[in-house]
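File shown: work.cif (mmCIF, C-alpha atoms).
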data_run
#
loop_
_atom_site.label_atom_id
_atom_site.label_comp_id
_atom_site.auth_asym_id
_atom_site.auth_seq_id
_atom_site.Cartn_x
_atom_site.Cartn_y
_atom_site.Cartn_z
CA MET A 1 -6.48 22.92 -24.02
CA SER A 2 -3.45 24.45 -22.32
CA LEU A 3 0.08 23.16 -22.72
CA LEU A 4 0.05 21.90 -19.14
CA ASP A 5 -3.18 19.99 -19.79
CA LYS A 6 -1.55 18.35 -22.83
CA LEU A 7 1.39 17.32 -20.67
CA ASN A 8 -0.97 15.27 -18.51
CA ASN A 9 -0.99 12.56 -21.20
CA ARG A 10 1.98 10.45 -20.15
CA THR A 11 1.11 7.15 -21.74
CA GLU A 12 4.15 6.77 -24.03
CA GLY A 13 7.04 5.15 -22.23
CA GLU A 14 9.56 6.07 -24.93
CA LYS A 15 8.91 9.75 -24.18
CA TRP A 16 8.40 9.77 -20.43
CA SER A 17 10.18 6.79 -18.91
CA HIS A 18 13.68 6.39 -17.57
CA PRO A 19 15.47 4.28 -20.22
CA GLU A 20 15.82 1.31 -17.88
CA LEU A 21 12.07 1.26 -17.22
CA ILE A 22 10.66 1.68 -20.74
CA ASP A 23 9.54 -1.94 -21.16
CA VAL A 24 7.78 -2.19 -17.80
CA TYR A 25 6.33 1.32 -18.27
CA ASN A 26 4.71 0.19 -21.52
CA THR A 27 3.59 -3.07 -19.90
CA MET A 28 1.82 -1.10 -17.19
CA GLU A 29 0.01 0.87 -19.88
CA CYS A 30 -1.29 -2.42 -21.31
CA ILE A 31 -2.45 -3.57 -17.86
CA GLY A 32 -4.10 -0.19 -17.39
CA ASN A 33 -6.07 -0.74 -20.58
CA LEU A 34 -7.30 -4.06 -19.21
CA MET A 35 -8.34 -2.39 -15.97
CA ASP A 36 -10.36 0.20 -17.89
CA THR A 37 -12.77 -2.57 -18.88
CA THR A 38 -13.03 -3.96 -15.34
CA LEU A 39 -14.07 -0.51 -14.09
CA ASN A 40 -16.52 0.31 -16.90
CA THR A 41 -19.86 0.50 -15.09
CA GLU A 42 -21.73 0.60 -18.42
CA LEU A 43 -20.90 -3.09 -18.81
CA PRO A 44 -22.79 -5.84 -16.92
CA PHE A 45 -21.24 -6.85 -13.59
CA GLU A 46 -20.45 -10.41 -14.70
CA GLU A 47 -18.67 -9.18 -17.82
CA ARG A 48 -16.56 -6.77 -15.79
CA LYS A 49 -15.74 -9.53 -13.30
CA LYS A 50 -14.64 -11.85 -16.12
CA GLN A 51 -12.41 -9.13 -17.56
CA ASN A 52 -10.96 -8.64 -14.10
CA ASP A 53 -10.19 -12.35 -13.81
CA ASP A 54 -8.48 -12.19 -17.22
CA MET A 55 -6.41 -9.22 -16.05
CA ILE A 56 -5.29 -11.14 -12.94
CA ALA A 57 -4.28 -14.10 -15.13
CA THR A 58 -2.27 -11.77 -17.39
CA VAL A 59 -0.39 -10.29 -14.46
CA LYS A 60 0.18 -13.68 -12.83
CA ALA A 61 1.82 -14.96 -16.01
CA MET A 62 4.40 -12.17 -15.76
CA PHE A 63 5.85 -13.41 -12.48
CA PRO A 64 7.86 -16.51 -11.56
CA VAL A 65 6.06 -19.38 -9.84
CA LYS A 66 6.68 -19.28 -6.08
CA ASP A 67 7.97 -22.15 -3.99
CA GLU A 68 4.70 -22.91 -2.24
CA THR A 69 6.48 -25.06 0.35
CA ARG A 70 7.82 -21.82 1.87
CA CYS A 71 4.39 -20.17 2.09
CA LYS A 72 1.65 -21.36 4.46
CA ARG A 73 -1.93 -20.10 4.25
CA TYR A 74 -4.10 -19.41 7.30
CA ASP A 75 -7.75 -18.43 7.74
CA ILE A 76 -8.24 -15.27 9.80
CA PRO A 77 -11.28 -14.26 11.90
CA GLY A 78 -12.78 -10.80 11.59
CA CYS A 79 -11.70 -7.64 13.39
CA PRO A 80 -13.79 -5.91 16.10
CA GLU A 81 -15.54 -3.82 13.44
CA GLU A 82 -16.81 -6.95 11.64
CA PRO A 83 -16.19 -10.03 13.81
CA ASP A 84 -18.11 -12.47 11.62
CA ALA A 85 -15.98 -11.81 8.52
CA VAL A 86 -13.34 -14.34 7.48
CA SER A 87 -10.21 -13.49 5.51
CA TYR A 88 -6.84 -15.17 5.02
CA ALA A 89 -3.09 -14.57 5.05
CA THR A 90 -0.02 -16.33 3.67
CA VAL A 91 3.04 -16.57 5.93
CA THR A 92 6.65 -16.96 4.77
CA HIS A 93 9.64 -17.51 7.07
CA PRO A 94 13.23 -16.72 6.08
CA GLN A 95 15.65 -19.57 5.47
CA LYS A 96 17.91 -18.40 8.28
CA ALA A 97 15.15 -18.03 10.83
CA GLY A 98 16.93 -19.55 13.85
CA LYS A 99 15.28 -19.59 17.29
CA LYS A 100 15.21 -15.86 17.89
CA LYS A 101 11.91 -13.96 17.58
CA LEU A 102 11.93 -12.23 14.18
CA PRO A 103 10.56 -8.93 12.92
CA CYS A 104 7.55 -9.07 10.61
CA VAL A 105 6.43 -7.38 7.40
CA ILE A 106 2.67 -7.32 6.84
CA TYR A 107 2.28 -6.86 3.08
CA ILE A 108 -0.88 -5.59 1.36
CA ALA A 109 -0.99 -6.22 -2.38
CA GLY A 110 -2.38 -3.78 -4.92
CA GLY A 111 -4.81 -4.31 -7.78
CA GLY A 112 -6.92 -1.18 -8.17
CA LEU A 113 -9.25 -2.49 -5.41
CA THR A 114 -10.73 -4.85 -8.02
CA ALA A 115 -8.07 -7.50 -7.42
CA CYS A 116 -5.66 -8.60 -4.70
CA MET A 117 -2.51 -9.12 -6.78
CA GLU A 118 -0.54 -11.31 -4.39
CA CYS A 119 1.12 -12.89 -7.41
CA SER A 120 3.01 -9.64 -8.12
CA PHE A 121 4.94 -9.79 -4.83
CA ASP A 122 7.85 -12.08 -4.00
CA SER A 123 7.40 -12.75 -0.28
CA ILE A 124 10.19 -15.34 -0.29
CA GLU A 125 12.86 -12.99 -1.59
CA LEU A 126 11.84 -10.20 0.78
CA SER A 127 11.72 -12.57 3.76
CA ASP A 128 15.28 -13.75 3.07
CA ARG A 129 16.51 -10.25 2.21
CA VAL A 130 15.44 -8.59 5.48
CA ASN A 131 15.39 -11.80 7.60
CA ALA A 132 11.80 -11.29 8.67
CA VAL A 133 8.52 -13.18 8.67
CA VAL A 134 6.40 -11.88 5.78
CA VAL A 135 2.62 -12.02 6.12
CA VAL A 136 0.70 -11.33 2.91
CA CYS A 137 -2.88 -10.20 3.57
CA GLY A 138 -5.82 -11.46 1.63
CA TYR A 139 -8.79 -9.10 1.44
CA ARG A 140 -12.18 -8.69 -0.14
CA THR A 141 -12.10 -6.73 -3.38
CA ILE A 142 -14.80 -4.86 -5.24
CA TYR A 143 -15.65 -8.13 -7.03
CA SER A 144 -15.70 -10.28 -3.89
CA GLY A 145 -17.83 -8.30 -1.47
CA GLY A 146 -15.25 -5.66 -0.63
CA GLY A 147 -15.31 -1.89 -0.59
CA TYR A 148 -15.09 0.50 2.32
CA PRO A 149 -15.05 -0.49 5.17
CA ALA A 150 -15.00 -4.25 4.44
CA THR A 151 -11.54 -4.25 2.86
CA ILE A 152 -10.01 -2.20 5.68
CA ASN A 153 -11.63 -4.61 8.13
CA ASP A 154 -9.81 -7.51 6.48
CA VAL A 155 -6.34 -5.96 6.69
CA HIS A 156 -7.13 -4.77 10.23
CA ALA A 157 -7.97 -8.38 11.11
CA ALA A 158 -4.61 -9.51 9.71
CA PHE A 159 -2.75 -7.14 12.04
CA ILE A 160 -4.66 -8.43 15.07
CA TRP A 161 -4.11 -12.04 14.00
CA VAL A 162 -0.35 -11.52 13.73
CA LEU A 163 -0.25 -10.11 17.26
CA ASP A 164 -2.43 -12.89 18.65
CA HIS A 165 -0.29 -15.58 17.01
CA ALA A 166 3.12 -13.92 17.33
CA GLU A 167 4.46 -16.60 19.65
CA GLU A 168 3.66 -19.56 17.40
CA LEU A 169 4.79 -17.66 14.27
CA GLY A 170 8.10 -16.71 15.89
CA ILE A 171 7.40 -12.97 15.56
CA ASN A 172 8.52 -10.09 17.77
CA PRO A 173 5.18 -8.23 18.12
CA ASP A 174 6.95 -4.90 18.70
CA LYS A 175 8.71 -5.07 15.32
CA ILE A 176 5.94 -5.11 12.71
CA VAL A 177 6.19 -3.04 9.55
CA ILE A 178 3.19 -2.54 7.25
CA HIS A 179 4.03 -2.40 3.55
CA GLY A 180 1.89 -2.12 0.43
CA ALA A 181 1.93 -1.04 -3.20
CA SER A 182 -0.64 0.89 -5.26
CA SER A 183 -4.05 0.24 -3.69
CA GLY A 184 -2.07 -1.81 -1.15
CA GLY A 185 -0.15 1.36 -0.31
CA HIS A 186 -3.47 3.18 0.00
CA LEU A 187 -4.75 0.48 2.37
CA SER A 188 -1.49 0.54 4.37
CA LEU A 189 -1.77 4.27 5.09
CA ALA A 190 -5.48 3.98 5.85
CA LEU A 191 -4.89 1.00 8.17
CA CYS A 192 -2.46 3.05 10.26
CA HIS A 193 -5.26 5.55 10.92
CA ARG A 194 -7.58 2.68 11.88
CA LEU A 195 -5.00 1.28 14.28
CA LYS A 196 -4.68 4.63 16.06
CA ARG A 197 -8.11 3.94 17.54
CA TYR A 198 -6.95 0.68 19.08
CA GLN A 199 -4.25 -0.30 21.56
CA TYR A 200 -3.35 -3.97 21.18
CA HIS A 201 -1.25 -4.71 24.28
CA GLY A 202 0.57 -1.44 23.55
CA HIS A 203 1.79 -2.64 20.15
CA GLN A 204 1.60 -0.29 17.19
CA PRO A 205 3.34 -0.69 13.82
CA ARG A 206 7.05 -0.02 13.80
CA GLY A 207 6.66 1.67 10.42
CA CYS A 208 4.57 1.96 7.27
CA ILE A 209 6.15 1.82 3.81
CA ALA A 210 3.82 2.68 0.92
CA LEU A 211 4.75 2.40 -2.77
CA VAL A 212 2.69 4.61 -5.13
CA PRO A 213 -0.24 4.88 -2.70
CA ILE A 214 -3.54 6.41 -3.75
CA CYS A 215 -4.14 8.47 -0.61
CA ASP A 216 -6.96 10.68 -1.96
CA GLU A 217 -9.89 10.01 -4.30
CA ARG A 218 -10.47 13.68 -5.12
CA THR A 219 -9.60 14.85 -8.63
CA ILE A 220 -8.78 18.38 -7.50
CA TYR A 221 -5.02 18.10 -8.00
CA PRO A 222 -3.17 18.68 -11.30
CA SER A 223 -1.77 15.14 -11.32
CA SER A 224 -5.18 13.59 -10.58
CA LYS A 225 -6.27 14.48 -14.12
CA ARG A 226 -3.46 12.53 -15.75
CA LEU A 227 -3.87 10.01 -18.50
CA ILE A 228 -1.58 7.09 -17.69
CA SER A 229 -1.87 3.37 -16.82
CA PHE A 230 -3.73 4.19 -13.60
CA GLY A 231 -4.81 7.76 -14.26
CA GLY A 232 -7.65 10.14 -13.56
CA PRO A 233 -10.47 8.03 -15.10
CA GLU A 234 -9.33 4.91 -13.24
CA LEU A 235 -8.92 6.87 -10.00
CA TYR A 236 -12.49 8.12 -10.26
CA ALA A 237 -14.00 4.75 -11.22
CA SER A 238 -12.21 2.66 -8.60
CA SER A 239 -12.85 5.13 -5.78
CA LEU A 240 -16.54 5.28 -6.76
CA ALA A 241 -16.75 1.51 -6.48
CA TRP A 242 -14.80 1.63 -3.21
CA LEU A 243 -16.71 4.45 -1.52
CA GLY A 244 -20.18 4.21 -3.06
CA ASP A 245 -22.39 7.17 -2.12
CA ARG A 246 -19.66 8.67 0.06
CA GLN A 247 -17.72 9.75 -3.01
CA ALA A 248 -20.31 12.43 -3.78
CA ASN A 249 -19.40 14.33 -0.61
CA SER A 250 -15.75 14.51 0.45
CA ALA A 251 -16.83 15.38 4.00
CA MET A 252 -18.25 11.84 4.26
CA VAL A 253 -14.89 10.22 3.43
CA PRO A 254 -12.96 9.30 6.60
CA ARG A 255 -9.18 9.09 6.89
CA GLU A 256 -9.58 5.32 7.30
CA ALA A 257 -10.84 5.26 3.71
CA PHE A 258 -8.31 7.69 2.16
CA ALA A 259 -5.50 8.92 4.41
CA ASN A 260 -5.20 12.42 2.92
CA HIS A 261 -8.61 13.26 4.43
CA ALA A 262 -6.79 13.43 7.77
CA THR A 263 -5.74 16.76 9.23
CA ALA A 264 -2.19 17.27 10.47
CA LYS A 265 -3.51 16.99 14.02
CA GLU A 266 -5.08 13.61 13.21
CA CYS A 267 -1.68 12.40 11.97
CA VAL A 268 -0.01 12.90 15.35
CA GLY A 269 1.05 9.52 16.72
CA LEU A 270 1.14 7.68 13.39
CA PRO A 271 4.04 5.24 12.90
CA PRO A 272 7.12 6.27 10.91
CA THR A 273 5.92 6.62 7.32
CA PHE A 274 7.93 6.08 4.14
CA ILE A 275 6.24 6.97 0.86
CA HIS A 276 7.58 6.17 -2.59
CA THR A 277 5.76 7.85 -5.45
CA THR A 278 6.75 8.62 -9.04
CA GLU A 279 7.11 11.62 -11.29
CA HIS A 280 4.21 10.50 -13.47
CA GLU A 281 1.92 9.27 -10.70
CA VAL A 282 -1.77 10.20 -10.70
CA SER A 283 -1.50 10.72 -6.93
CA VAL A 284 1.88 12.49 -6.70
CA ASP A 285 0.27 15.81 -5.70
CA SER A 286 -2.01 14.30 -3.05
CA ASP A 287 0.93 12.22 -1.77
CA MET A 288 2.91 15.45 -1.29
CA SER A 289 -0.07 17.00 0.47
CA TYR A 290 -0.24 14.06 2.87
CA VAL A 291 3.52 14.10 3.49
CA SER A 292 3.25 17.77 4.47
CA LYS A 293 0.68 16.84 7.13
CA LEU A 294 2.88 14.03 8.46
CA ILE A 295 5.82 16.41 8.80
CA GLN A 296 3.65 18.98 10.59
CA ALA A 297 2.53 16.22 12.95
CA GLY A 298 6.12 15.31 13.83
CA VAL A 299 5.86 11.83 12.29
CA TYR A 300 9.19 10.37 11.17
CA THR A 301 8.73 10.81 7.43
CA ASP A 302 10.74 9.80 4.36
CA PHE A 303 9.45 10.73 0.89
CA HIS A 304 10.83 9.73 -2.51
CA VAL A 305 9.68 10.87 -5.95
CA TRP A 306 11.26 8.53 -8.50
CA GLY A 307 11.93 10.31 -11.78
CA GLY A 308 11.05 8.69 -15.10
CA ALA A 309 8.78 6.14 -13.41
CA GLY A 310 5.02 5.63 -13.51
CA HIS A 311 2.44 3.73 -11.54
CA SER A 312 3.79 0.39 -10.28
CA THR A 313 6.78 0.44 -12.66
CA LEU A 314 9.18 0.09 -9.74
CA GLY A 315 7.21 -2.73 -8.13
CA TYR A 316 6.97 -4.68 -11.36
CA ALA A 317 10.57 -3.96 -12.36
CA VAL A 318 12.00 -5.86 -9.38
CA ILE A 319 11.28 -9.29 -10.88
CA PRO A 320 14.72 -10.92 -10.36
CA GLU A 321 15.47 -11.91 -13.95
CA ASP A 322 14.41 -8.49 -15.30
CA ARG A 323 15.91 -6.32 -12.57
CA GLY A 324 17.98 -3.39 -13.78
CA PRO A 325 20.10 -0.85 -11.88
CA TYR A 326 17.18 1.57 -11.38
CA ALA A 327 14.89 -1.09 -9.90
CA GLN A 328 17.77 -2.36 -7.77
CA LEU A 329 18.24 1.15 -6.40
CA TYR A 330 14.61 1.19 -5.25
CA LEU A 331 14.87 -2.30 -3.74
CA ASP A 332 18.04 -1.36 -1.83
CA GLU A 333 16.30 1.74 -0.45
CA LEU A 334 13.26 -0.32 0.57
CA THR A 335 15.56 -2.82 2.31
CA LYS A 336 17.35 -0.03 4.19
CA GLN A 337 14.05 1.45 5.37
CA MET A 338 12.76 -1.89 6.65
CA THR A 339 15.96 -2.79 8.44
CA ASP A 340 16.11 0.69 10.01
CA CYS A 341 12.58 0.20 11.36
CA PHE A 342 13.56 -3.14 12.82
CA LYS A 343 16.85 -1.86 14.29
CA TYR A 344 15.68 1.51 15.61
CA ASP A 345 12.46 2.67 17.24
CA LEU A 346 11.58 5.73 15.14
CA ARG A 347 8.02 6.08 16.45
CA ARG A 348 8.58 9.23 18.56
CA SER A 349 6.02 8.33 21.19
CA TRP A 350 7.37 11.22 23.25
CA ILE A 351 5.55 13.70 20.93
CA LYS A 352 2.10 12.58 22.00
CA ASN A 353 3.14 12.54 25.66
CA GLU A 354 4.56 16.08 25.47
CA LEU A 355 1.45 17.38 23.68
CA GLU A 356 -0.80 15.79 26.30
CA ASP A 357 1.33 17.25 29.12
CA GLY A 358 1.13 20.68 27.49
CA LYS A 359 -2.65 20.41 27.14
CA GLN A 360 -3.02 19.54 30.82
CA LYS A 361 -0.87 22.54 31.76
CA GLY A 362 -2.96 24.81 29.51
CA ALA A 363 -0.15 25.43 27.02
#
Re-express the file's structure as structure tokens.
Amino acid sequence: MSLLDKLNNRTEGEKWSHPELIDVYNTMECIGNLMDTTLNTELPFEERKKQNDDMIATVKAMFPVKDETRCKRYDIPGCPEEPDAVSYATVTHPQKAGKKKLPCVIYIAGGGLTACMECSFDSIELSDRVNAVVVVCGYRTIYSGGGYPATINDVHAAFIWVLDHAEELGINPDKIVIHGASSGGHLSLALCHRLKRYQYHGHQPRGCIALVPICDERTIYPSSKRLISFGGPELYASSLAWLGDRQANSAMVPREAFANHATAKECVGLPPTFIHTTEHEVSVDSDMSYVSKLIQAGVYTDFHVWGGAGHSTLGYAVIPEDRGPYAQLYLDELTKQMTDCFKYDLRRSWIKNELEDGKQKGA
């Protein structure tokens, strides 16, 4: 084993983590150990599902109880790809809503595709912080009939539902930002490729902000072989459950399943994209590969690699009572990106128009 291969084992927070993130880094390692069991295909399905439920309960206990009076749940009909499906969303309005139409954040929770960890996201704080309506998507997971394309269909349906009900929800339909973490970041990037195929009254996302997204299932990158809370073995197992037979042949994996399967040309016209990854991330190399394609495609792109952090350590470190300076730095950057998307139109629609004009002129 080479020295570089040995350095792929980044499980010890005391060695690898920024000092302000050591506790949450080690906590994520414990959660990763729980997820190992939920993804172990040698175990019976019901046993894995029970372990997954136990993992969700463990994570839920880490977070404060939300004020449910601020969050209203709605059932959502299916998208055009699967019209008979039914999913759900939870909607939170800011305290200072007023009468003016507000921007909207559509949030997609993570959970390794085995769970939809809505409990790990504080929609109330974000809604008040950026003065926007926050819509948290529910979706089918591997243990509730999900997988590709069912899960993408559910988050696609949420986007359509927000547009269709923008008036009653008090939302400006031209100011919608998609945001997600971990597998939610993966689904956010993939959803933007799905939405490129549709034109809903001319409305496309104002931006996409993905925290530690898994944008590629292939284990061909140095970082994809890492041992960490969500490392190489978990990447392989969860993507196998997500893709099924498609995983055996990367040519069968569409960009709507994993965004890094897109070419630079297929990224033209995507919304402004902000990606936050970490130094120790299993997907840091594939994230950089995808960012390169976005930049080639002229997409407004912002990319952050957070040193001394691992998978989901930033997301979990923003719990208010445990928030340190490092986590606050990330939250302030996230806030700035969202408010910029709401204030400015960074979508660069002129690029597609100029390329189409050049094609017609034979350029």
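Minimum distance to Pro254 (chain A) across A:Cys215, A:Ala241, A:Ile76, A:Val318 (counting only C-alpha atoms) occurs at A:Cys215.
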Which residues fall under the PyMOL selection byres ((chain A and resi 282) around 7) in this file, as a ChimeraX atom specification?
/A:223-224,226,230-232,280-281,283-284
Between A:Thr58, A:Thr277, A:Thr151, A:Asn40, which is the closest to Ser312 (chain A) once you count only C-alpha atoms?
A:Thr277
Spatial neighbours of Val305 (chain A), max dist 7 Å, all atoms listed in the file, sep filter under 5 positions, as a PDB file with C-alpha atoms, keeping the file's coordinate frame:
ATOM      1  CA  HIS A 276       7.580   6.170  -2.590  1.00  0.00           C
ATOM      2  CA  THR A 277       5.760   7.850  -5.450  1.00  0.00           C
ATOM      3  CA  THR A 278       6.750   8.620  -9.040  1.00  0.00           C
ATOM      4  CA  GLU A 279       7.110  11.620 -11.290  1.00  0.00           C
TER       5      GLU A 279
END
Explicit residues for the PyMOL selection byres ((chain A and resi 257-264) around 10) (as number ranges by chain)
A: 147-149, 151-152, 186-194, 213-218, 239, 242-243, 250-256, 265-268, 286-299
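Minimum atom-to-atom distance to Pro80 (chain A), evaluated using all atoms listed in the file, belongs to A:Asn153 out of A:Tyr300, A:Ala317, A:Asn153, A:Cys341.
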As a check of understanding, name the residues that the PyMOL selection byres ((chain A and resi 309) around 12) selects in the supplied structure, as a ChimeraX atom specification.
/A:10-26,28,211-212,228-229,276-282,284,304-308,310-317,326-327,330
Those same residues - C-alpha atoms - I'd like them written as a PDB file, in the coordinates of the input.
ATOM      1  CA  ARG A  10       1.980  10.450 -20.150  1.00  0.00           C
ATOM      2  CA  THR A  11       1.110   7.150 -21.740  1.00  0.00           C
ATOM      3  CA  GLU A  12       4.150   6.770 -24.030  1.00  0.00           C
ATOM      4  CA  GLY A  13       7.040   5.150 -22.230  1.00  0.00           C
ATOM      5  CA  GLU A  14       9.560   6.070 -24.930  1.00  0.00           C
ATOM      6  CA  LYS A  15       8.910   9.750 -24.180  1.00  0.00           C
ATOM      7  CA  TRP A  16       8.400   9.770 -20.430  1.00  0.00           C
ATOM      8  CA  SER A  17      10.180   6.790 -18.910  1.00  0.00           C
ATOM      9  CA  HIS A  18      13.680   6.390 -17.570  1.00  0.00           C
ATOM     10  CA  PRO A  19      15.470   4.280 -20.220  1.00  0.00           C
ATOM     11  CA  GLU A  20      15.820   1.310 -17.880  1.00  0.00           C
ATOM     12  CA  LEU A  21      12.070   1.260 -17.220  1.00  0.00           C
ATOM     13  CA  ILE A  22      10.660   1.680 -20.740  1.00  0.00           C
ATOM     14  CA  ASP A  23       9.540  -1.940 -21.160  1.00  0.00           C
ATOM     15  CA  VAL A  24       7.780  -2.190 -17.800  1.00  0.00           C
ATOM     16  CA  TYR A  25       6.330   1.320 -18.270  1.00  0.00           C
ATOM     17  CA  ASN A  26       4.710   0.190 -21.520  1.00  0.00           C
ATOM     18  CA  MET A  28       1.820  -1.100 -17.190  1.00  0.00           C
ATOM     19  CA  LEU A 211       4.750   2.400  -2.770  1.00  0.00           C
ATOM     20  CA  VAL A 212       2.690   4.610  -5.130  1.00  0.00           C
ATOM     21  CA  ILE A 228      -1.580   7.090 -17.690  1.00  0.00           C
ATOM     22  CA  SER A 229      -1.870   3.370 -16.820  1.00  0.00           C
ATOM     23  CA  HIS A 276       7.580   6.170  -2.590  1.00  0.00           C
ATOM     24  CA  THR A 277       5.760   7.850  -5.450  1.00  0.00           C
ATOM     25  CA  THR A 278       6.750   8.620  -9.040  1.00  0.00           C
ATOM     26  CA  GLU A 279       7.110  11.620 -11.290  1.00  0.00           C
ATOM     27  CA  HIS A 280       4.210  10.500 -13.470  1.00  0.00           C
ATOM     28  CA  GLU A 281       1.920   9.270 -10.700  1.00  0.00           C
ATOM     29  CA  VAL A 282      -1.770  10.200 -10.700  1.00  0.00           C
ATOM     30  CA  VAL A 284       1.880  12.490  -6.700  1.00  0.00           C
ATOM     31  CA  HIS A 304      10.830   9.730  -2.510  1.00  0.00           C
ATOM     32  CA  VAL A 305       9.680  10.870  -5.950  1.00  0.00           C
ATOM     33  CA  TRP A 306      11.260   8.530  -8.500  1.00  0.00           C
ATOM     34  CA  GLY A 307      11.930  10.310 -11.780  1.00  0.00           C
ATOM     35  CA  GLY A 308      11.050   8.690 -15.100  1.00  0.00           C
ATOM     36  CA  GLY A 310       5.020   5.630 -13.510  1.00  0.00           C
ATOM     37  CA  HIS A 311       2.440   3.730 -11.540  1.00  0.00           C
ATOM     38  CA  SER A 312       3.790   0.390 -10.280  1.00  0.00           C
ATOM     39  CA  THR A 313       6.780   0.440 -12.660  1.00  0.00           C
ATOM     40  CA  LEU A 314       9.180   0.090  -9.740  1.00  0.00           C
ATOM     41  CA  GLY A 315       7.210  -2.730  -8.130  1.00  0.00           C
ATOM     42  CA  TYR A 316       6.970  -4.680 -11.360  1.00  0.00           C
ATOM     43  CA  ALA A 317      10.570  -3.960 -12.360  1.00  0.00           C
ATOM     44  CA  TYR A 326      17.180   1.570 -11.380  1.00  0.00           C
ATOM     45  CA  ALA A 327      14.890  -1.090  -9.900  1.00  0.00           C
ATOM     46  CA  TYR A 330      14.610   1.190  -5.250  1.00  0.00           C
TER      47      TYR A 330
END
Hey, can you check how far CA of Lys101 (chain A) sits from CA of Thr339 (chain A)?
15.0 Å
Tell me, as a PyMOL selection string, which residues lie within 8 Å of Thr273 (chain A), counting only C-alpha atoms; anything in the same chain fewer than 4 positions away does not count.
chain A and resi 207-210+299-302
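The residue that comes closest to Leu7 (chain A), out of A:Pro222, A:Phe45, A:Thr69, A:Tyr107 and on the basis of only C-alpha atoms, is A:Pro222.
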With only C-alpha atoms counted, which protein, DNA or RNA residues have an atom no more than 9 Å from (9.5, -17.5, 7.0) in the file frame? Please answer as an mmCIF file with C-alpha atoms, in the frame of the given file.
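The new file out13.cif reads:
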data_model
loop_
_atom_site.group_PDB
_atom_site.id
_atom_site.type_symbol
_atom_site.label_atom_id
_atom_site.label_comp_id
_atom_site.auth_asym_id
_atom_site.auth_seq_id
_atom_site.Cartn_x
_atom_site.Cartn_y
_atom_site.Cartn_z
ATOM 1 C CA ARG A 70 7.820 -21.820 1.870
ATOM 2 C CA CYS A 71 4.390 -20.170 2.090
ATOM 3 C CA VAL A 91 3.040 -16.570 5.930
ATOM 4 C CA THR A 92 6.650 -16.960 4.770
ATOM 5 C CA HIS A 93 9.640 -17.510 7.070
ATOM 6 C CA PRO A 94 13.230 -16.720 6.080
ATOM 7 C CA GLN A 95 15.650 -19.570 5.470
ATOM 8 C CA LYS A 96 17.910 -18.400 8.280
ATOM 9 C CA ALA A 97 15.150 -18.030 10.830
ATOM 10 C CA SER A 123 7.400 -12.750 -0.280
ATOM 11 C CA ILE A 124 10.190 -15.340 -0.290
ATOM 12 C CA SER A 127 11.720 -12.570 3.760
ATOM 13 C CA ASP A 128 15.280 -13.750 3.070
ATOM 14 C CA ASN A 131 15.390 -11.800 7.600
ATOM 15 C CA ALA A 132 11.800 -11.290 8.670
ATOM 16 C CA VAL A 133 8.520 -13.180 8.670
ATOM 17 C CA VAL A 134 6.400 -11.880 5.780
ATOM 18 C CA VAL A 135 2.620 -12.020 6.120
ATOM 19 C CA LEU A 169 4.790 -17.660 14.270
#
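One finds CA of Leu113 (chain A) at 28.8 Å from CA of Ile171 (chain A).
If you look at CA of Ile319 (chain A) and CA of Pro233 (chain A), they are 28.1 Å away from each other.
Within the 9 Å cut-off around Ala85 (chain A), using all atoms listed in the file and omitting residues fewer than 5 positions from it on the same chain, the listed residues are Ile76, Pro77, Gly78, Cys79, Ala150, Asn153 and Asp154 of chain A.
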Looking at A:Pro44, A:Pro271, A:Gly184, A:Gly138, which one is nearest to Lys196 (chain A), with distances taken over only C-alpha atoms?
A:Pro271
